[in-house]
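Q: The file below is model_3.cif, mmCIF, C-alpha atoms and all ligand atoms:
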data_target
#
loop_
_atom_site.group_PDB
_atom_site.id
_atom_site.type_symbol
_atom_site.label_atom_id
_atom_site.label_comp_id
_atom_site.auth_asym_id
_atom_site.auth_seq_id
_atom_site.Cartn_x
_atom_site.Cartn_y
_atom_site.Cartn_z
ATOM 1 C CA MET A 1 14.629 -5.798 -0.980
ATOM 2 C CA THR A 2 12.973 -5.858 -4.402
ATOM 3 C CA LYS A 3 9.382 -7.129 -4.260
ATOM 4 C CA VAL A 4 7.849 -9.470 -6.819
ATOM 5 C CA PHE A 5 4.604 -8.329 -8.460
ATOM 6 C CA ALA A 6 2.823 -10.824 -10.701
ATOM 7 C CA HIS A 7 1.695 -9.037 -13.878
ATOM 8 C CA ARG A 8 -2.032 -9.698 -14.524
ATOM 9 C CA GLY A 9 -1.550 -12.515 -11.983
ATOM 10 C CA PHE A 10 0.810 -15.386 -12.818
ATOM 11 C CA SER A 11 -0.020 -14.796 -16.469
ATOM 12 C CA ALA A 12 2.730 -17.006 -17.912
ATOM 13 C CA ILE A 13 0.906 -20.118 -16.726
ATOM 14 C CA ALA A 14 -2.727 -19.049 -16.337
ATOM 15 C CA PRO A 15 -5.102 -16.774 -18.280
ATOM 16 C CA GLU A 16 -4.300 -13.157 -17.439
ATOM 17 C CA ASN A 17 -6.497 -11.200 -15.036
ATOM 18 C CA THR A 18 -8.479 -14.215 -13.826
ATOM 19 C CA LEU A 19 -8.926 -15.548 -10.298
ATOM 20 C CA ALA A 20 -6.971 -18.631 -11.444
ATOM 21 C CA ALA A 21 -3.975 -16.444 -12.323
ATOM 22 C CA PHE A 22 -4.278 -14.586 -9.015
ATOM 23 C CA ARG A 23 -4.443 -17.846 -7.014
ATOM 24 C CA MET A 24 -1.315 -19.065 -8.789
ATOM 25 C CA ALA A 25 0.518 -15.844 -7.937
ATOM 26 C CA ILE A 26 -0.475 -16.274 -4.292
ATOM 27 C CA ASP A 27 0.606 -19.943 -4.301
ATOM 28 C CA ALA A 28 3.921 -19.067 -5.979
ATOM 29 C CA GLY A 29 4.725 -16.694 -3.124
ATOM 30 C CA ALA A 30 4.570 -13.373 -4.989
ATOM 31 C CA ASP A 31 4.581 -10.209 -2.888
ATOM 32 C CA GLY A 32 1.954 -8.535 -5.001
ATOM 33 C CA ILE A 33 -0.386 -8.738 -7.972
ATOM 34 C CA GLU A 34 -0.829 -6.197 -10.735
ATOM 35 C CA LEU A 35 -4.200 -6.145 -12.511
ATOM 36 C CA ASP A 36 -6.145 -3.910 -14.904
ATOM 37 C CA VAL A 37 -9.651 -2.530 -14.415
ATOM 38 C CA HIS A 38 -12.374 -1.118 -16.654
ATOM 39 C CA MET A 39 -15.994 -0.107 -15.990
ATOM 40 C CA THR A 40 -19.104 -1.811 -17.370
ATOM 41 C CA ARG A 41 -22.193 -0.056 -18.712
ATOM 42 C CA ASP A 42 -23.898 -0.522 -15.346
ATOM 43 C CA GLY A 43 -20.949 0.986 -13.468
ATOM 44 C CA GLU A 44 -19.255 -2.164 -12.150
ATOM 45 C CA ILE A 45 -15.464 -2.436 -11.889
ATOM 46 C CA VAL A 46 -14.189 -5.492 -13.755
ATOM 47 C CA VAL A 47 -10.707 -6.941 -14.157
ATOM 48 C CA ILE A 48 -9.579 -7.179 -17.783
ATOM 49 C CA HIS A 49 -6.726 -5.641 -19.756
ATOM 50 C CA ASP A 50 -8.142 -4.533 -23.107
ATOM 51 C CA GLU A 51 -10.956 -2.083 -23.825
ATOM 52 C CA LYS A 52 -12.550 -4.920 -25.817
ATOM 53 C CA VAL A 53 -13.321 -8.444 -24.621
ATOM 54 C CA ASP A 54 -12.280 -10.042 -27.924
ATOM 55 C CA ARG A 55 -8.685 -11.134 -27.194
ATOM 56 C CA THR A 56 -9.227 -12.737 -23.784
ATOM 57 C CA THR A 57 -12.789 -14.080 -23.933
ATOM 58 C CA ASP A 58 -15.153 -15.880 -26.285
ATOM 59 C CA GLY A 59 -17.145 -12.663 -26.795
ATOM 60 C CA THR A 60 -16.802 -9.524 -28.875
ATOM 61 C CA GLY A 61 -17.275 -5.841 -28.145
ATOM 62 C CA TRP A 62 -16.338 -3.055 -25.773
ATOM 63 C CA VAL A 63 -16.286 -3.709 -22.036
ATOM 64 C CA LYS A 64 -18.141 -0.406 -21.565
ATOM 65 C CA ASP A 65 -21.111 -1.727 -23.580
ATOM 66 C CA PHE A 66 -21.683 -4.835 -21.404
ATOM 67 C CA THR A 67 -23.633 -4.956 -18.171
ATOM 68 C CA LEU A 68 -22.072 -7.029 -15.416
ATOM 69 C CA PRO A 69 -24.496 -9.969 -15.899
ATOM 70 C CA GLN A 70 -23.744 -9.927 -19.642
ATOM 71 C CA ILE A 71 -19.969 -9.828 -19.259
ATOM 72 C CA LYS A 72 -20.137 -12.605 -16.653
ATOM 73 C CA GLU A 73 -21.506 -14.933 -19.332
ATOM 74 C CA LEU A 74 -18.195 -14.796 -21.212
ATOM 75 C CA ASP A 75 -15.487 -17.431 -20.815
ATOM 76 C CA SER A 76 -12.131 -15.824 -20.000
ATOM 77 C CA GLY A 77 -10.027 -18.983 -19.678
ATOM 78 C CA ASN A 78 -10.563 -21.188 -22.710
ATOM 79 C CA TRP A 79 -8.627 -18.852 -25.094
ATOM 80 C CA PHE A 80 -5.523 -19.600 -23.007
ATOM 81 C CA ALA A 81 -5.974 -23.339 -22.452
ATOM 82 C CA GLU A 82 -8.903 -25.740 -22.314
ATOM 83 C CA ALA A 83 -8.051 -26.566 -18.711
ATOM 84 C CA TYR A 84 -9.151 -23.025 -17.799
ATOM 85 C CA ALA A 85 -12.519 -23.143 -19.565
ATOM 86 C CA GLY A 86 -15.190 -21.726 -17.290
ATOM 87 C CA GLU A 87 -13.076 -18.887 -15.879
ATOM 88 C CA ARG A 88 -15.001 -15.612 -15.737
ATOM 89 C CA ILE A 89 -13.924 -11.994 -15.871
ATOM 90 C CA PRO A 90 -13.562 -11.184 -12.167
ATOM 91 C CA THR A 91 -14.993 -8.112 -10.515
ATOM 92 C CA LEU A 92 -12.613 -6.015 -8.455
ATOM 93 C CA ALA A 93 -14.642 -7.053 -5.398
ATOM 94 C CA GLU A 94 -14.100 -10.764 -6.083
ATOM 95 C CA THR A 95 -10.371 -10.128 -6.393
ATOM 96 C CA LEU A 96 -10.246 -8.140 -3.152
ATOM 97 C CA GLU A 97 -12.116 -10.958 -1.425
ATOM 98 C CA LEU A 98 -9.491 -13.423 -2.699
ATOM 99 C CA ILE A 99 -6.472 -11.475 -1.473
ATOM 100 C CA LYS A 100 -7.864 -9.968 1.716
ATOM 101 C CA ASP A 101 -6.557 -12.710 4.008
ATOM 102 C CA THR A 102 -3.158 -12.929 2.305
ATOM 103 C CA GLY A 103 -0.372 -10.420 2.858
ATOM 104 C CA LEU A 104 -0.216 -9.538 -0.823
ATOM 105 C CA ARG A 105 -0.099 -6.020 -2.214
ATOM 106 C CA LEU A 106 -2.519 -5.196 -5.019
ATOM 107 C CA ASN A 107 -1.522 -2.841 -7.830
ATOM 108 C CA ILE A 108 -4.774 -1.744 -9.442
ATOM 109 C CA GLU A 109 -4.099 -0.221 -12.846
ATOM 110 C CA LEU A 110 -6.937 2.046 -13.949
ATOM 111 C CA LYS A 111 -7.290 1.476 -17.691
ATOM 112 C CA ASN A 112 -8.833 4.877 -18.279
ATOM 113 C CA ASN A 113 -6.454 6.225 -20.872
ATOM 114 C CA VAL A 114 -8.699 5.367 -23.849
ATOM 115 C CA PHE A 115 -12.144 5.765 -22.262
ATOM 116 C CA ARG A 116 -12.227 8.049 -19.236
ATOM 117 C CA TYR A 117 -14.874 6.041 -17.307
ATOM 118 C CA PRO A 118 -16.133 9.027 -15.245
ATOM 119 C CA GLY A 119 -16.404 8.058 -11.572
ATOM 120 C CA ILE A 120 -13.984 5.132 -11.775
ATOM 121 C CA GLU A 121 -11.669 6.621 -9.133
ATOM 122 C CA GLU A 122 -14.456 6.897 -6.556
ATOM 123 C CA LYS A 123 -15.833 3.444 -7.329
ATOM 124 C CA VAL A 124 -12.430 1.782 -7.010
ATOM 125 C CA ALA A 125 -11.605 3.648 -3.795
ATOM 126 C CA LYS A 126 -14.935 2.750 -2.178
ATOM 127 C CA GLU A 127 -14.614 -0.909 -3.146
ATOM 128 C CA VAL A 128 -11.102 -1.117 -1.682
ATOM 129 C CA GLU A 129 -12.210 0.691 1.481
ATOM 130 C CA ARG A 130 -15.134 -1.711 1.881
ATOM 131 C CA PHE A 131 -12.476 -4.403 2.388
ATOM 132 C CA ALA A 132 -10.236 -2.033 4.417
ATOM 133 C CA LEU A 133 -7.375 -2.825 2.039
ATOM 134 C CA GLN A 134 -6.281 0.724 1.133
ATOM 135 C CA LYS A 135 -2.901 0.352 2.875
ATOM 136 C CA ARG A 136 -2.038 -2.645 0.687
ATOM 137 C CA VAL A 137 -3.255 -1.128 -2.578
ATOM 138 C CA ILE A 138 -1.286 0.904 -5.124
ATOM 139 C CA ILE A 139 -3.276 2.743 -7.798
ATOM 140 C CA SER A 140 -1.520 3.255 -11.131
ATOM 141 C CA SER A 141 -2.516 4.617 -14.520
ATOM 142 C CA PHE A 142 -1.158 5.933 -17.796
ATOM 143 C CA ASN A 143 -3.783 8.680 -17.371
ATOM 144 C CA HIS A 144 -2.002 11.110 -15.094
ATOM 145 C CA TYR A 145 -4.981 13.461 -14.878
ATOM 146 C CA SER A 146 -6.777 10.566 -13.230
ATOM 147 C CA LEU A 147 -3.868 10.065 -10.825
ATOM 148 C CA ARG A 148 -3.932 13.766 -9.955
ATOM 149 C CA TYR A 149 -7.670 13.537 -9.383
ATOM 150 C CA PHE A 150 -7.089 10.506 -7.124
ATOM 151 C CA LYS A 151 -4.389 12.364 -5.195
ATOM 152 C CA LEU A 152 -6.793 15.189 -4.389
ATOM 153 C CA TYR A 153 -9.627 12.744 -3.623
ATOM 154 C CA ARG A 154 -7.601 10.371 -1.398
ATOM 155 C CA PRO A 155 -4.340 12.163 -0.460
ATOM 156 C CA ASP A 156 -2.928 9.291 1.609
ATOM 157 C CA TRP A 157 -3.164 6.538 -1.007
ATOM 158 C CA GLN A 158 -0.126 5.144 -2.774
ATOM 159 C CA LEU A 159 -0.099 6.111 -6.439
ATOM 160 C CA GLY A 160 2.213 5.103 -9.286
ATOM 161 C CA ALA A 161 2.650 6.970 -12.574
ATOM 162 C CA LEU A 162 2.906 4.600 -15.525
ATOM 163 C CA TYR A 163 4.907 5.725 -18.539
ATOM 164 C CA ALA A 164 6.681 4.121 -21.448
ATOM 165 C CA ALA A 165 9.842 6.044 -22.273
ATOM 166 C CA GLY A 166 12.309 8.807 -21.726
ATOM 167 C CA LEU A 167 11.030 11.111 -18.964
ATOM 168 C CA TYR A 168 13.852 13.378 -17.799
ATOM 169 C CA GLU A 169 14.326 13.415 -14.008
ATOM 170 C CA PRO A 170 10.977 11.729 -13.401
ATOM 171 C CA TRP A 171 11.216 12.321 -9.655
ATOM 172 C CA VAL A 172 10.599 16.033 -10.313
ATOM 173 C CA TYR A 173 7.463 15.169 -12.250
ATOM 174 C CA ALA A 174 6.364 12.555 -9.689
ATOM 175 C CA LYS A 175 6.461 15.147 -6.923
ATOM 176 C CA HIS A 176 4.633 17.681 -9.100
ATOM 177 C CA LEU A 177 1.932 15.086 -9.806
ATOM 178 C CA GLY A 178 1.764 13.952 -6.182
ATOM 179 C CA VAL A 179 2.568 10.264 -6.667
ATOM 180 C CA SER A 180 4.863 8.214 -4.438
ATOM 181 C CA ALA A 181 6.186 6.011 -7.244
ATOM 182 C CA ILE A 182 6.944 5.762 -10.927
ATOM 183 C CA HIS A 183 6.024 2.603 -12.848
ATOM 184 C CA PRO A 184 8.169 2.930 -15.995
ATOM 185 C CA PHE A 185 8.543 0.504 -18.876
ATOM 186 C CA TYR A 186 11.731 -1.261 -17.824
ATOM 187 C CA LEU A 187 13.854 0.150 -20.659
ATOM 188 C CA ALA A 188 13.050 3.638 -19.342
ATOM 189 C CA ALA A 189 14.273 2.624 -15.879
ATOM 190 C CA ALA A 190 17.935 3.477 -16.411
ATOM 191 C CA ASP A 191 20.165 3.122 -13.371
ATOM 192 C CA GLU A 192 20.462 6.923 -13.007
ATOM 193 C CA VAL A 193 16.659 7.221 -13.053
ATOM 194 C CA ILE A 194 16.348 4.666 -10.264
ATOM 195 C CA ALA A 195 19.100 6.303 -8.186
ATOM 196 C CA GLY A 196 17.640 9.777 -8.681
ATOM 197 C CA CYS A 197 14.173 8.639 -7.658
ATOM 198 C CA HIS A 198 15.489 6.976 -4.517
ATOM 199 C CA THR A 199 17.508 10.050 -3.569
ATOM 200 C CA HIS A 200 14.283 12.043 -3.768
ATOM 201 C CA GLY A 201 12.067 9.517 -1.972
ATOM 202 C CA ILE A 202 10.218 8.210 -5.026
ATOM 203 C CA GLN A 203 9.739 4.457 -5.400
ATOM 204 C CA VAL A 204 10.396 2.641 -8.695
ATOM 205 C CA ARG A 205 8.451 -0.384 -9.964
ATOM 206 C CA PRO A 206 9.354 -1.193 -13.579
ATOM 207 C CA TYR A 207 7.106 -3.228 -15.897
ATOM 208 C CA THR A 208 7.045 -5.832 -17.531
ATOM 209 C CA VAL A 209 10.312 -7.612 -16.908
ATOM 210 C CA ASP A 210 10.688 -11.255 -17.963
ATOM 211 C CA ASP A 211 14.315 -11.147 -19.149
ATOM 212 C CA PRO A 212 16.696 -12.532 -16.491
ATOM 213 C CA GLY A 213 19.490 -10.095 -17.415
ATOM 214 C CA GLU A 214 17.187 -7.106 -16.953
ATOM 215 C CA MET A 215 15.814 -8.605 -13.762
ATOM 216 C CA SER A 216 19.346 -8.882 -12.363
ATOM 217 C CA ARG A 217 20.174 -5.294 -13.348
ATOM 218 C CA LEU A 218 17.047 -3.960 -11.655
ATOM 219 C CA ILE A 219 17.573 -6.063 -8.514
ATOM 220 C CA ALA A 220 21.155 -4.731 -8.290
ATOM 221 C CA ALA A 221 19.783 -1.186 -8.684
ATOM 222 C CA ASN A 222 17.463 -1.967 -5.762
ATOM 223 C CA VAL A 223 14.158 -1.132 -7.424
ATOM 224 C CA ASP A 224 11.240 -1.382 -5.024
ATOM 225 C CA ALA A 225 9.348 -3.970 -7.057
ATOM 226 C CA ILE A 226 9.472 -5.616 -10.457
ATOM 227 C CA ILE A 227 6.266 -6.371 -12.331
ATOM 228 C CA THR A 228 6.673 -9.658 -14.220
ATOM 229 C CA ASN A 229 4.739 -12.412 -15.978
ATOM 230 C CA VAL A 230 7.159 -14.959 -14.471
ATOM 231 C CA PRO A 231 7.301 -14.311 -10.717
ATOM 232 C CA ASP A 232 8.938 -17.715 -10.079
ATOM 233 C CA ARG A 233 11.939 -16.746 -12.246
ATOM 234 C CA LEU A 234 12.301 -13.402 -10.458
ATOM 235 C CA MET A 235 12.016 -14.957 -6.993
ATOM 236 C CA LYS A 236 14.806 -17.427 -7.789
ATOM 237 C CA LEU A 237 17.077 -14.564 -8.880
ATOM 238 C CA ILE A 238 16.339 -12.534 -5.762
ATOM 239 C CA ARG A 239 16.898 -15.521 -3.481
ATOM 240 C CA SER A 240 20.159 -16.446 -5.201
ATOM 241 C CA GLY A 241 21.422 -12.901 -4.642
ATOM 242 C CA GLU A 242 22.135 -12.264 -8.325
HETATM 243 O O1 LIG B 1 1.113 -1.832 -14.732
HETATM 244 C C1 LIG B 1 2.161 -2.253 -15.524
HETATM 245 C C2 LIG B 1 1.728 -2.777 -16.856
HETATM 246 O O2 LIG B 1 0.660 -3.643 -16.671
HETATM 247 C C3 LIG B 1 1.351 -1.670 -17.818
HETATM 248 O O3 LIG B 1 1.085 -2.149 -19.096
HETATM 249 O O4 LIG B 1 -0.393 -2.841 -20.918
HETATM 250 O O5 LIG B 1 0.521 -4.565 -19.380
HETATM 251 O O6 LIG B 1 -1.238 -2.973 -18.605
HETATM 252 P P1 LIG B 1 -0.050 -3.170 -19.512
HETATM 253 MG MG MG B 2 -1.407 -3.428 -16.497
#
Can I see the file as structure tokens?
Ligand code: G3P
Ligand code: MG
A:
Amino acid sequence: MTKVFAHRGFSAIAPENTLAAFRMAIDAGADGIELDVHMTRDGEIVVIHDEKVDRTTDGTGWVKDFTLPQIKELDSGNWFAEAYAGERIPTLAETLELIKDTGLRLNIELKNNVFRYPGIEEKVAKEVERFALQKRVIISSFNHYSLRYFKLYRPDWQLGALYAAGLYEPWVYAKHLGVSAIHPFYLAAADEVIAGCHTHGIQVRPYTVDDPGEMSRLIAANVDAIITNVPDRLMKLIRSGE
């Protein structure tokens, strides 16, 4: 059965990558949450999509140049809607605390394809292990050197290789890299790609799928999860058997 992963939380109705968006995903009944992490100047793991804080907060500048106390002063909700004023950029630890007593999976996307953030793999792994949540966590990244590093560092963890287009027989590459899943842009998840991956024991979780027609195609192809901004729409389709 295809699982429903809320992209940056329930980001259609709440500011992305905030605890509010994660609570809404939990309340909506999603199976999992996808989020993005960067590292601050003082080495803390924070949940935000862009390298800069400008688009999703009232501040300006690179995440890597803020300390945690400084970045915590920023408002990460008001840009989306006044009702969310006062939201803060969450730490990974705060997010783990929120989901630990739910059954939800957590897809932590390491945003280390622009800045490498040396040590981010170890910091993320140790934070997740502090909450004993490693079995429910999937680590993904567009930086496949980082995924390879993670594979050697924590061989048993579930890893997903993010990519945008056109890999030929990606299951061959996934096995070479040592990941258990591919996380392709949904237009790269052709039916033959999904079937080939499943034949070879590789899971498929396409992103970011909000179009009902594409959702139905991917459900019919039996992808393992779909990452979407509108988990309610996807759940209805899955329940209705379309
Ligand atoms: O992890 C899937 C998806 O989030 C990758 O793209 O830019 O939304 O982080 P992006
Ligand atoms: Mg992401």
Q: May I ask which of the residues A:Leu92, A:Leu187, A:Ile13, A:Ala25 is the closest one to Ile48 in chain A, counting only C-alpha atoms?
A: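 Closest residue, counting only C-alpha atoms: A:Leu92.
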Q: Please find the residues contacting ligand MG 2 (chain B) at a distance of at most 7 Å between atoms, with all atoms listed in the file counted, and report them as a PyMOL selection string.
A: chain A and resi 7-8+34-36+49+109
Q: Quick one: which residues end up in the PyMOL selection byres (((chain A and resi 204) around 9) and not hetatm) for this structure, as a ChimeraX atom specification?
A: /A:160,180-184,189,193-194,197-198,202-203,205-206,222-226
Q: Which residue, A:Met39, A:Asp191, A:Leu96, A:Glu16, has the smallest gap to Arg130 in chain A when you use all atoms listed in the file?
A: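 Of A:Met39, A:Asp191, A:Leu96, A:Glu16, the one nearest Arg130 in chain A is A:Leu96, counting all atoms listed in the file.
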Q: Starting from the shown file, work through the PyMOL selection byres (((chain A and resi 4) around 8) and not hetatm) and note down what comes out as a count of residues only.
A: 14
Q: When you look at Gly241 in chain A with a cut-off of 9 Å (counting only C-alpha atoms), what residues show up, excluding the ones that are within fewer than 4 positions of it in the same chain? I need them as a PDB file with C-alpha atoms, in the frame of the given file.
A:
ATOM      1  CA  SER A 216      19.346  -8.882 -12.363  1.00  0.00           C
ATOM      2  CA  ILE A 219      17.573  -6.063  -8.514  1.00  0.00           C
ATOM      3  CA  ALA A 220      21.155  -4.731  -8.290  1.00  0.00           C
ATOM      4  CA  LYS A 236      14.806 -17.427  -7.789  1.00  0.00           C
ATOM      5  CA  LEU A 237      17.077 -14.564  -8.880  1.00  0.00           C
TER       6      LEU A 237
END
Q: Which of these, A:Trp157, A:Phe66, A:Tyr163, A:Tyr168, has the shortest distance to ligand LIG 1 (chain B) once you count all atoms listed in the file?
A: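 Answer, going by the shortest atom-to-atom distance: A:Tyr163.
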Q: Neighbouring residues of Glu87 in chain A were defined as those with any atom within 10 Å, considering all atoms listed in the file; residues of the same chain fewer than 6 positions away were excluded. Please report them as a ChimeraX atom specification.
A: /A:15,18-20,57,72-78
Q: If you measure from CA of Arg105 in chain A to CA of Arg136 in chain A, what distance in Å do you get, rounded to one decimal?
A: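 The value is 4.9 Å.
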Q: List the neighbours of Gly196 in chain A out to 10 Å using all atoms listed in the file; skip same-chain residues closer than 6 positions along the sequence, and give me the result as number ranges by chain.
A: A: 169-172, 190, 202
Q: Would you export the selected residues with C-alpha atoms as a PDB file, in the coordinates of the input, please?
A:
ATOM      1  CA  GLU A 169      14.326  13.415 -14.008  1.00  0.00           C
ATOM      2  CA  PRO A 170      10.977  11.729 -13.401  1.00  0.00           C
ATOM      3  CA  TRP A 171      11.216  12.321  -9.655  1.00  0.00           C
ATOM      4  CA  VAL A 172      10.599  16.033 -10.313  1.00  0.00           C
ATOM      5  CA  ALA A 190      17.935   3.477 -16.411  1.00  0.00           C
ATOM      6  CA  ILE A 202      10.218   8.210  -5.026  1.00  0.00           C
TER       7      ILE A 202
END
Q: Could you tell me which of A:Ala195, A:Ile120, A:Leu106, A:Ala93 comes closest to ligand LIG 1 (chain B) if we count all atoms listed in the file?
A: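 Checking each candidate against ligand LIG 1 (chain B), we get A:Leu106 as the closest.
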Q: Taking only C-alpha atoms into account, name the residue in A:Met215, A:Ala21, A:Ile99, A:Val230 that is nearest to Phe131 in chain A.
A: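 Using only C-alpha atoms, Phe131 in chain A sits closest to A:Ile99.
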Q: Could you check which of A:Val179, A:Leu218, A:Ala125, A:Ile139 is closest to ligand LIG 1 (chain B), using only C-alpha atoms and all ligand atoms?
A: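 Answer, going by the shortest atom-to-atom distance: A:Ile139.
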Q: As an exercise, work out the distance from CA of Thr91 in chain A to CA of Ile45 in chain A in Å and give it to one decimal place.
A: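 About the pair CA of Thr91 in chain A and CA of Ile45 in chain A: they are 5.9 Å apart.
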Q: CA of Asp65 in chain A and CA of Arg41 in chain A, how far apart in Å?
A: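 Spanning CA of Arg41 in chain A to CA of Asp65 in chain A is a straight-line distance of 5.3 Å.
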Q: Once N, CA and C atoms are restored for range 131-150 of chain A, what would the output be as a compact mmCIF listing (two decimals), keeping the file's coordinate frame?
A:
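Okay, this is what ended up in selection-v8.txt:
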# COMPACT_ATOMS: atom_id res chain seq x y z
N PHE A 131 -13.27 -3.28 1.89
CA PHE A 131 -12.48 -4.40 2.39
C PHE A 131 -11.34 -3.93 3.31
N ALA A 132 -11.29 -2.64 3.56
CA ALA A 132 -10.24 -2.03 4.42
C ALA A 132 -8.84 -2.41 3.92
N LEU A 133 -8.66 -2.40 2.62
CA LEU A 133 -7.38 -2.82 2.04
C LEU A 133 -6.56 -1.65 1.48
N GLN A 134 -6.95 -0.41 1.79
CA GLN A 134 -6.28 0.72 1.13
C GLN A 134 -4.79 0.81 1.42
N LYS A 135 -4.35 0.29 2.57
CA LYS A 135 -2.90 0.35 2.88
C LYS A 135 -2.09 -0.62 2.02
N ARG A 136 -2.75 -1.65 1.50
CA ARG A 136 -2.04 -2.64 0.69
C ARG A 136 -2.22 -2.43 -0.81
N VAL A 137 -2.94 -1.37 -1.16
CA VAL A 137 -3.26 -1.13 -2.58
C VAL A 137 -2.41 0.02 -3.14
N ILE A 138 -1.96 -0.16 -4.36
CA ILE A 138 -1.29 0.90 -5.12
C ILE A 138 -2.15 1.14 -6.37
N ILE A 139 -2.52 2.39 -6.60
CA ILE A 139 -3.28 2.74 -7.80
C ILE A 139 -2.30 3.28 -8.84
N SER A 140 -2.37 2.72 -10.06
CA SER A 140 -1.52 3.26 -11.13
C SER A 140 -2.37 3.50 -12.36
N SER A 141 -1.81 4.34 -13.26
CA SER A 141 -2.52 4.62 -14.52
C SER A 141 -1.56 5.31 -15.48
N PHE A 142 -1.83 5.12 -16.78
CA PHE A 142 -1.16 5.93 -17.80
C PHE A 142 -1.86 7.29 -17.93
N ASN A 143 -3.05 7.41 -17.35
CA ASN A 143 -3.78 8.68 -17.37
C ASN A 143 -3.42 9.47 -16.11
N HIS A 144 -2.52 10.41 -16.27
CA HIS A 144 -2.00 11.11 -15.09
C HIS A 144 -2.97 12.16 -14.57
N TYR A 145 -3.92 12.60 -15.40
CA TYR A 145 -4.98 13.46 -14.88
C TYR A 145 -5.82 12.69 -13.88
N SER A 146 -6.03 11.41 -14.16
CA SER A 146 -6.78 10.57 -13.23
C SER A 146 -6.00 10.38 -11.93
N LEU A 147 -4.68 10.20 -12.05
CA LEU A 147 -3.87 10.06 -10.82
C LEU A 147 -3.92 11.34 -10.00
N ARG A 148 -3.86 12.48 -10.67
CA ARG A 148 -3.93 13.77 -9.96
C ARG A 148 -5.28 13.90 -9.25
N TYR A 149 -6.32 13.51 -9.96
CA TYR A 149 -7.67 13.54 -9.38
C TYR A 149 -7.71 12.65 -8.14
N PHE A 150 -7.12 11.45 -8.24
CA PHE A 150 -7.09 10.51 -7.12
C PHE A 150 -6.33 11.10 -5.96
